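*Asks:* Take this structure first; my questions come after.
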Amino acid sequence: MKRMLTIALLAATAVAAEGQTYLDPQAPLESRVQDALSRMTLHEKVQIVHAQSKFSSPGVPRLGIKQLNMADGPHGIRAEVDWNSWNYAKWTNDSCVAFPSLTCLAATWNRELSGSYGHAVSEEFAYRDKNIMLGPGCNIARMPLSGRSFEYTGEDPYLAGEMVVPYIQRAQANGVACCLKHFFLNNQEVGRWNTNVNVSERAVNEIYLPAFKKAVQQGRLWTIMGSYNKWNNVWCCENDSLLNKILKKQWGFDGAVISDWGGTHHTWEAATGGLDIEMGTDTNGKTEDRSKGYDYYHLANAYEQAVRSGKISMEVVDEKAARVLRTIFRTVMGPRRTQGVMCSDAHYQVCREVGQEGIVLLRNQKNILPLEASKYQRILVVGENAVRNMSNAGGSSELKTKFDISPLSGLQALYGNKISYAQGYYSGKAYYGRVDKLNAARQDSLHNDAVEKAKQADLVIFIGGLNKNHRQDCEDGDRESYELSYGQSELIERIAKVQKNIVVVTYGGNPFATPWADKVAAFLHCWYLGSMSGATLGDVLSGAVNPSGKLPITFAKEQKDFPCFQYGKEVYPGVNKQVYYKEDIYVGYRWFDTKKVAVQYPFGFGLSYTTFKYGKPVLSATEMRADGSIELSVDITNTGKREGKETVQLYIGDEQCSVDRPTKELKNFAKVELQPGETKTVKFAIHDDDLKFFSEKEHRWVAEPGKFKAYVCASVADVRGTAVFNLK
């Protein structure tokens, strides 16, 4: 008996020694990957590159290599979904914090706060044993009706990249991989399943790739999600030019490419086109229905057979498996993996801080804000969004929260029985894929009731905007109009006629028409504020917090003013499954600023409860050599009576160029906090890369010698100072 125990002990020791390299989280990553790869069979290498459930891919149990668990983000961790169906598992312990939308994060223009966001949300993923967070997103807000723009970071590639990098870095420091999405050109939801995008090489490189590139190279991104659409008539999840040549070879991405759910269409193309993990392909997950089972994924049985027959090389197999192993050893079997925590006070505080800095004050006539409670005895809150839960809708980013503080509740906590409420309008229930038919008579009744109550109030706070209904801000559908739905604009104008003290508060991830803007006393846009929505709104309205948000998107006056509506249906929504980006590089403010189209609120705009004075910009030199840099400095002074934060924006314009270029483009920004009377000096380094455009003639980035102008701005339309220099 003793001899048998000794033999067993020796055998166990031998296995442990054999597995030391890949099981030891402190061993070099590539040593672990190659060691594990050498021990795996072909079948095991095939198994780890496709799903085994709705939101997991298998490991290698024989070798102790763990599976990868995924969950939707990016604003919080989605409630648990059944293993083999889309139904929710109905757990009682999977409630989370809903963090503000990424548009709100972008509106903070605060890199440090973005890092705090990534850290907090990843802790909730870690606690739920999720290794890959499906987010954040950085697709460019090309089109103002897009149903998913609230999940992204605005219309400018520089701002988008700067805001996702700290999020990724801090999240992955906790051993949770970010899966950046959707790579790429997923700029509309209508037709997303089968549309081919036709776009110039220059626009691809100047507008649609830079944020992804920055996330890969500066954020050191671990996973990325391919989009549904096609580029150059090839599915993005199977696109050799995109995934192999650009992402992996040019940018040096060493992580795993994950398909969007149902974004894979072929075996050979997916295998050779750069996809590493196939998820969500036409299956109901029922293994007894073999025609719909996981072994019948494109990168499953058919893939293995193609390898055995020699149609696909072992080099392709090993390269894919290595990328998946690298992800496993960075996350679930990695040295950084944290235990995590759910719904902590610290997480709610981050939620609140992001919202506080993301709310944008767009109008404040006669300084009606912040509200002085003693001035008003009867405050009427109007609008369905005052009581609507906007965390539990919107598509795959919907969240099951522990609690949400509604705007009405937040205001009642501040102003008590001074607050009364009128619904004002009805939007119907939130459905993913359909819209309620709304009763016109009911809307009229709600409108009339709100107007009558407004006559009796001292102050009206209208809380409306968009919501996360289908065809509002919701996945798999775009808005049908730039106008606010449910008759909100008409209702605001009616109330403004009977009540001069009206403050409009809106939610939503997209811009919209504001024909009433000059008729209201104040206007704040809040994006989506998450679980602390009401408390955050109260902080800003009451003046406990000075608003400092700046728009990451342009609010045009009318839908027709946007560049994507200048060229007919080919440009949006597309014709015959083809969409043409004829506006080219002129997306967002690049169009409005260069073409001199008047807007309602420009990119980068946002007011404060204090005022700021900008000094004259000073350059360290007036000439820059290739591969060199110069420094620009400018003094910022708080000239008001309370502390505040100002985002100083640096734009660069090319005064002499052989190709058409925008008047100016964002190249840097800095958010500074100032006490009353305090002055700080903001310094920006201007590099030759900031001067370049992508040459379609030379297929590379080029900076032509000549004169350039640096614009120091409070918004793209509010230039506070300029400085001219030359590139030699």
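Ordering of the structure tokens sets the chain letters (A, B, ...), residue numbers begin anew at 1 in every chain, and ligands are numbered from 1 in the order given.
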Using DSSP on the backbone, list every residue of stretch 410-552 of chain A that comes out as strand (DSSP E), and give them as a ChimeraX atom specification.

*Replies:* /A:419-422,459-465,502-507,522-525

*Asks:* As a list of chain:residue names, please: the residues near stretch 194-208 of chain A (cut-off 6 Å, only C-alpha atoms, same-chain neighbours under 4 positions excluded).

*Replies:*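 Final neighbour list, sorted by chain and number: A:Pro157, A:Asn229, A:Lys230, A:Trp231, A:Asn233, A:Lys577, A:Gln578, A:Val579, A:Tyr580, A:Tyr581, A:Asp584, A:Ile585, A:Phe694.
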
*Asks:* Give me the residues near A:Tyr127 as an NGL selection string, where near means some atom within 7 Å (using only C-alpha atoms) and where sequence neighbours in that chain fewer than 3 positions away do not count.

*Replies:* :A and (123-124 or 339-342)

*Asks:* Rank nothing, just name the residue among A:Glu493, A:Asp539, A:Glu151, A:Asp689 nearest to A:Gly137, using only C-alpha atoms.

*Replies:*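 Of A:Glu493, A:Asp539, A:Glu151, A:Asp689, the one nearest A:Gly137, counting only C-alpha atoms, is A:Glu151.
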
*Asks:* Could you tell me how far atom CA of A:Ser533 lies from atom CA of A:Ser95, in Å and to one decimal?

*Replies:*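 Answer for the atom CA of A:Ser533 to atom CA of A:Ser95 separation: 16.7 Å.
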